[in-house]
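Single-structure report; data block below.
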Amino acid sequence: MSGTKEMIGAERAKHAGDTAVVAFANWVLRFRWLILLLSFVAALGAGFGGQFLDFSTNYRVFFSKDNPQLNAFETLQDTYIREDNISIVLHPNEGEVFTPELLTAMRDLTDKAWQIPYTTRVDSLTNFQNSYAAGEDDLIVEDLVPVDTPLDAEDIARIRETALSEPLIVDRLVSPDADTASINVTVTLPLETQLEVPAAMEHARALVTEFRETYPDVTVALTGSVALNHAFTEASFADMANLIPLMYGILLLVMVVLLRSFSGTIATLLVIAFSALSAMGISGWLGVQLTPPSAIAPTIILTLAIADSIHILVSMVGGMRKGLGKREAIVESLRINFQPVFLTSLTTVIGFLSLNFSDAPPFRDLGNITAIGVTAAWAYSILFLPAAMAVLPMRVKPRGEDSATAMDRLAGFVVGNRKALLVAMTGIVIVLGALVPRIELNDQFVNYFDRSIEFRRDTDYAMENLSGIYQAQWSLPAGESGGVSDPKYLQTISDFTDWLRARDTVVHVQSLSDIFKRLNKNMHGDDQGYYALPEEKNLAAQYLLLFEMSLPYGLDLNNQINVDKSSVRIVATLENITTDELRALDDEAKVWLEQRLAGGEKLNASGPFVMFAYIAQRNIEGMLLGTGLAFLLISASLVVALRSVRLGLISLVPNLVPPIMAFGLWSVLVGEIGLASSVVTATSLGIIVDATVHFLSKYRRARVMNGQDAEGAVRYAFSTVGTALWVTTAILVAGFAILSLSAFEINASLGQLTAITLVMALFADFLLLPAILILVDGRKRREAPENAMAQAAE
């Protein structure tokens with residue numbers, strides 16, 4: 001008896017809700033012209049804030065202020081010198097770099113590189129500060145290729161021999177086979193405006209263009225951290241210029257084919273345009289700074305905004321095909337879709353807002369911008385869209401009641417083969433789930449860009465022919481002011497340098513110990529037998545002072561020694577290794593330093609590559625909490641909205657299964673993933689719930705209001721919402737698949753993974769969910785509401 005009363009209460013609540021929605025729909029139709037006007041004003045007013053949006057041109061935006069790797073890097077920069085770099089790589093198509101013509105050209109380019117904005121240092125083969133003995137006690141320090149040098153055969157031989165035997169040059173400024181050289185420009189950015197990086201890159205590219213025209217037989221590549229910064233901006237503009245128009249074209253094509261309604265297509269395009277415009281404009285008002293991840297928000301909003309409109313329009317068209325007038329069809333469509341459309345918008349917003357738990361601020365911005373857009377899309381869908389459809393002309397050809405649809409046939413197949421489908425889908429989920437641990441984390445920032453971006457092509461070329469952009473840096477304390485000259489400390493530095501050079505993944509090590517060895521040799525008449533560390537602290541300090549006094553402005557040792565000479569920076573340039581390999585090197589180095597240097601247990605590697613090596617791991621840790629909270633909130637929302645704990649628990653299966661299947665398939669197709677993996681589950685969770693909500697809401701309506709059994713309710717759900725589900729899924733998959741064309745790999749992976757997850761969600765909702773409903777919820781037949789009420793009255 002109590003169960004019957006609960007059912008009657010639920011039914012009365014449902015009727016009350018339907019009555020309120022009908023009243024709302026009639027209100028919208030009554031004031032349709034005012035709503036249309038206010039919608040245009042709201043969209044334009046919000047969109048006006050778009051003028052305040054700007055782009056960040058610094059890779060540091062990927063790291064939160066409390067990120068330990070960022071803080072360690074900033075400390076390192078403050079201890080020595082705050083620097084970024086532009087590397088100009090030169091590779092003659094034939095022969096070596098040690099020719100009079102190319103050395104002259106390199107010297108000229110080195111001089112011109114000083115004119116690049118914010119440049120504080122330029123290092124090259126030609127201006128390397130070569131030291132040698134003059135007599136017994138005199139030290140000469142001068143450019144390796146002075147301006148007045150003859151560059152004859154003997155001089156070239158001298159330059160070549162010195163360069164290829166100097167550990168500070170080979171594998172850094174010249175390759176061991178002498179066919180590639182580089183000019184490293186140190187740029188100290190004030191970080192005050194967004195124009196600094198573009199200004200530096202514009203000047204550097206102009207120099208490179210001029211050099212290519214003068215020396216067409218030399219291949220030139222431009223890389224470095226400043227080029228990396230600029231690549232983020234270029235990738236963002238490339239995505240906005242290419243993906244958004246493509247997205248509009250795809251959506252237009254899909255809607256014309258599926259809706260076959262010009263009016264419906266125009267109204268939907270306006271809804272998604274207003275939604276994207278509102279989201280980006282409000283973000284501008286809020287002072288959001290765009291980055292490559294957040295810059296794809298309009299594309300995601302366009303994709304998500306269309307889903308609400310499609311559900312409303314498909315139901316409206318279906319009503320008109322059954323003989324309803326346009327006004328009645330609009331009211332009926334809102335009546336049956338208001339709750340599920342609100343719920344799906346709510347769950348999507350929850351999913352994207354959970355990105356605020358991300359350690360990477362760009363993903364927080366992406367989540368917030370998209371949440372604003374989805375909220376705006378919901379408002380425009382239930383207000384502007386019905387008002388527009390009431391005004392725009394629309395004709396629909398009626399269809400006979402007895403004509404079977406493809407969804408009816410699919411429902412019959414699923415109901416008839418539910419046990420086999422349940423077993424098959426469960427097996428597939430188990431197999432794919434077992435493959436998930438095979439995925440490896442890898443966040444090589446060079447690979448964030450595809451080869452359409454110049455930075456990626458040039459950096460790949462530089463790594464293939466000379467050395468890479470990946471570096472790990474250590475600041476090793478000497479324990480006291482002036483302690484860098486202590487022989488024991490210098491020996492530790494030298495041993496650590498040798499240890500690094502013995503690693504297969506290390507290409508070059510810049511170390512102060514090499515300078516001390518060379519100076520000791522110089523001060524003993526260039527006797528190679530004295531190429532060793534000084535044995536006395538005072539002697540080492542004198543050597544260092546003499547050398548520093550001989551260095552020209554801009555080429556001092558501040559990039560290697562701190563002000564009070566109490567610590568030294570070691571810089572290891574690495575091969576094109578994975579971030580897993582870098583973390584392993586960092587751990588090994590920490591163990592080595594802990595055993596040999598006071599305070600070594602606290603010494604970790606630093607640098608941009610190190611920061612990116614840990615970002616995915618930190619992001620995953622933060623998103624575990626965010627995704628878990630989102631999952632709880634979404635599950636609670638479903639239980640409340642469906643007014644059934646049983647259906648709420650059942651809904652967990654088709655919501656959890658798709659990400660597991662997607663990542664399992666990804667492990668087979670790709671095998672590794674980076675930053676995108678940490679947010680896909682959270683973002684897709686709010687989206688894949690949409691199909692589950694619509695299916696279960698129609699299933700419950702059939703059970704409670706029509707008194708149908710589980711099989712009949714499943715058939716009703718397929719017939720009423722099946723078409724809208726596959727249409728919206730097709731559009732969502734198309735939208736996120738377009739992201740796979742992004743020049744920015746994080747966005748591409750996010751799009752690909754989300755598209756795969758959405759496909760898996762459709763299979764789960766069409767094949768797995770109905771089988772579970774019939775198995776779990778189909779044990780007894782629901783009474784029709786009028787019979788239940790009559791029995792209750794007795």
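Each chain in the structure tokens gets a letter, A, B and so on, in the order shown; residues start at 1 in every chain, and ligands are counted from 1 in the order they appear.
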* Filtered DSSP result for segment 561-634 of chain A, state helix (DSSP H, G or I), as a ChimeraX atom specification -> /A:579-596,600-602,608-634
Within 6 Å of His508 of chain A using only C-alpha atoms, minus same-chain residues under 6 positions, as a compact mmCIF listing (two decimals) with N, CA, C and O atoms, in the first residue's frame:
# COMPACT_ATOMS: atom_id res chain seq x y z
N ASP A 171 78.26 19.72 -28.93
CA ASP A 171 76.90 19.28 -28.63
C ASP A 171 76.01 20.40 -28.10
O ASP A 171 74.86 20.17 -27.75
N ALA A 572 71.81 20.31 -17.98
CA ALA A 572 71.95 19.12 -18.82
C ALA A 572 70.94 19.20 -19.96
O ALA A 572 69.74 19.34 -19.73
N THR A 573 71.44 19.15 -21.18
CA THR A 573 70.58 19.09 -22.36
C THR A 573 70.32 17.63 -22.69
O THR A 573 71.25 16.82 -22.73
* **Å distance separating atom CA of Gln510 of chain A from atom CA of Phe62 of chain A, one decimal place** =>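 Between these atoms lies a distance of 27.4 Å.
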* To do: Name the residues in contact with Thr120 of chain A at a cut-off of 7 Å, using only C-alpha atoms, excluding same-chain residues fewer than 6 positions from it; report them as a ChimeraX atom specification.
  => /A:186-188,554
Save out the residues we just selected, C-alpha atoms, as a PDB file, in the first residue's frame.
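Listed below is the output, out-v5.pdb:
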ATOM      1  CA  THR A 186      69.348  34.820 -24.078  1.00  0.00           C
ATOM      2  CA  VAL A 187      66.212  36.932 -23.718  1.00  0.00           C
ATOM      3  CA  THR A 188      65.226  38.459 -20.384  1.00  0.00           C
ATOM      4  CA  GLY A 554      76.997  40.274 -21.582  1.00  0.00           C
TER       5      GLY A 554
END
* **Secondary structure check, strand (DSSP E or B) residues of segment 351-547 of chain A, as a list in words** =>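 Going through segment 351-547 of chain A, the strand (DSSP E or B) residues come out as Glu440, Leu441, Phe449, Gln471, Ala472, Gln473, Trp474, Ser475, Leu476, Pro477, Val506, Val507, His508, Val509 and Gln510 of chain A.
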Okay, now the selection with N, CA and C atoms, as a PDB file, in the first residue's frame?
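Written file, result_8.pdb:
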ATOM      1  N   GLU A 440      50.790   4.947 -20.979  1.00  0.00           N
ATOM      2  CA  GLU A 440      51.904   5.643 -20.334  1.00  0.00           C
ATOM      3  C   GLU A 440      51.677   7.150 -20.400  1.00  0.00           C
ATOM      4  N   LEU A 441      52.043   7.834 -19.316  1.00  0.00           N
ATOM      5  CA  LEU A 441      51.977   9.291 -19.289  1.00  0.00           C
ATOM      6  C   LEU A 441      53.203   9.873 -19.971  1.00  0.00           C
ATOM      7  N   PHE A 449      52.546  20.351 -30.257  1.00  0.00           N
ATOM      8  CA  PHE A 449      52.226  21.016 -31.519  1.00  0.00           C
ATOM      9  C   PHE A 449      52.427  20.042 -32.678  1.00  0.00           C
ATOM     10  N   GLN A 471      65.777  20.402 -21.331  1.00  0.00           N
ATOM     11  CA  GLN A 471      66.874  20.574 -20.392  1.00  0.00           C
ATOM     12  C   GLN A 471      66.413  20.275 -18.966  1.00  0.00           C
ATOM     13  N   ALA A 472      67.378  19.856 -18.144  1.00  0.00           N
ATOM     14  CA  ALA A 472      67.172  19.724 -16.706  1.00  0.00           C
ATOM     15  C   ALA A 472      68.275  20.507 -16.020  1.00  0.00           C
ATOM     16  N   GLN A 473      67.900  21.281 -15.019  1.00  0.00           N
ATOM     17  CA  GLN A 473      68.861  22.168 -14.365  1.00  0.00           C
ATOM     18  C   GLN A 473      68.888  21.879 -12.865  1.00  0.00           C
ATOM     19  N   TRP A 474      70.061  21.986 -12.294  1.00  0.00           N
ATOM     20  CA  TRP A 474      70.237  21.815 -10.852  1.00  0.00           C
ATOM     21  C   TRP A 474      71.028  22.998 -10.294  1.00  0.00           C
ATOM     22  N   SER A 475      70.605  23.491  -9.157  1.00  0.00           N
ATOM     23  CA  SER A 475      71.363  24.501  -8.423  1.00  0.00           C
ATOM     24  C   SER A 475      71.991  23.814  -7.230  1.00  0.00           C
ATOM     25  N   LEU A 476      73.326  23.724  -7.227  1.00  0.00           N
ATOM     26  CA  LEU A 476      74.038  22.970  -6.200  1.00  0.00           C
ATOM     27  C   LEU A 476      74.697  23.934  -5.221  1.00  0.00           C
ATOM     28  N   PRO A 477      74.260  23.952  -3.966  1.00  0.00           N
ATOM     29  CA  PRO A 477      74.804  24.893  -2.984  1.00  0.00           C
ATOM     30  C   PRO A 477      76.200  24.495  -2.510  1.00  0.00           C
ATOM     31  N   VAL A 506      71.481  11.959 -21.870  1.00  0.00           N
ATOM     32  CA  VAL A 506      72.055  13.303 -21.765  1.00  0.00           C
ATOM     33  C   VAL A 506      72.950  13.586 -22.959  1.00  0.00           C
ATOM     34  N   VAL A 507      72.707  14.708 -23.618  1.00  0.00           N
ATOM     35  CA  VAL A 507      73.481  15.093 -24.799  1.00  0.00           C
ATOM     36  C   VAL A 507      74.638  16.009 -24.426  1.00  0.00           C
ATOM     37  N   HIS A 508      74.387  16.957 -23.526  1.00  0.00           N
ATOM     38  CA  HIS A 508      75.416  17.942 -23.179  1.00  0.00           C
ATOM     39  C   HIS A 508      75.202  18.402 -21.745  1.00  0.00           C
ATOM     40  N   VAL A 509      76.312  18.730 -21.072  1.00  0.00           N
ATOM     41  CA  VAL A 509      76.240  19.273 -19.712  1.00  0.00           C
ATOM     42  C   VAL A 509      77.075  20.538 -19.654  1.00  0.00           C
ATOM     43  N   GLN A 510      76.443  21.622 -19.233  1.00  0.00           N
ATOM     44  CA  GLN A 510      77.161  22.880 -19.019  1.00  0.00           C
ATOM     45  C   GLN A 510      77.534  22.952 -17.549  1.00  0.00           C
TER      46      GLN A 510
END
Quick one: which segment 319-419 of chain A residues come within 9 Å of segment 293-308 of chain A, and what is the nearest atom pair for each with the distance in Å to one decimal, counting only C-alpha atoms, rows ordered by chain and ascending number, as a tab-separated table?
residue	atom	partner	partner_atom	distance
A:Asn337	CA	A:Asp308	CA	8.9
A:Val341	CA	A:Asp308	CA	6.0
A:Phe342	CA	A:Asp308	CA	8.8
A:Thr344	CA	A:Asp308	CA	8.5
A:Ser345	CA	A:Asp308	CA	8.1
A:Thr348	CA	A:Leu304	CA	8.8
A:Pro362	CA	A:Ser294	CA	5.7
A:Phe363	CA	A:Pro293	CA	6.4
A:Arg364	CA	A:Ser294	CA	8.3
A:Asp365	CA	A:Ser294	CA	5.8
A:Leu366	CA	A:Ser294	CA	4.2
A:Gly367	CA	A:Ser294	CA	8.0
A:Ile369	CA	A:Ala297	CA	6.5
A:Thr370	CA	A:Ala297	CA	5.7
A:Ala371	CA	A:Ile301	CA	8.6
A:Gly373	CA	A:Ile301	CA	5.8
A:Val374	CA	A:Ala305	CA	6.2
A:Ala376	CA	A:Ala305	CA	8.5
A:Ala377	CA	A:Ala305	CA	5.1
A:Trp378	CA	A:Asp308	CA	6.8
A:Ser381	CA	A:Asp308	CA	6.3
A:Ile382	CA	A:Asp308	CA	8.6
* To do: Between atom CA of Ser39 of chain A and atom CA of Leu269 of chain A, measure the distance and give it in Å to one decimal.
  =>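 Calculated distance between atom CA of Ser39 of chain A and atom CA of Leu269 of chain A is 13.7 Å.
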* Asked: Within 9 Å of segment 204-206 of chain A, counting only C-alpha atoms, which residues qualify if same-chain residues fewer than 2 places away don't, as a list in words?
  ->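 Near segment 204-206 of chain A, the qualifying residues are Ile86, Ile88, Ala113, Ile116, Pro117, Ala199, Ala200, Met201, Glu202, Val208, Thr209, Glu210, Phe211 and Leu222 of chain A.
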* Do a neighbour search on Arg321 of chain A at 10 Å with only C-alpha atoms, toss out local chain neighbours closer than 2 positions, and write the hits as a list in words. => Ser315, Met316, Val317, Gly318, Gly319, Gly323, Leu324, Gly325, Ala329, Arg395, Val396, Lys397, Pro398, Arg399, Gly400 and Glu401 of chain A
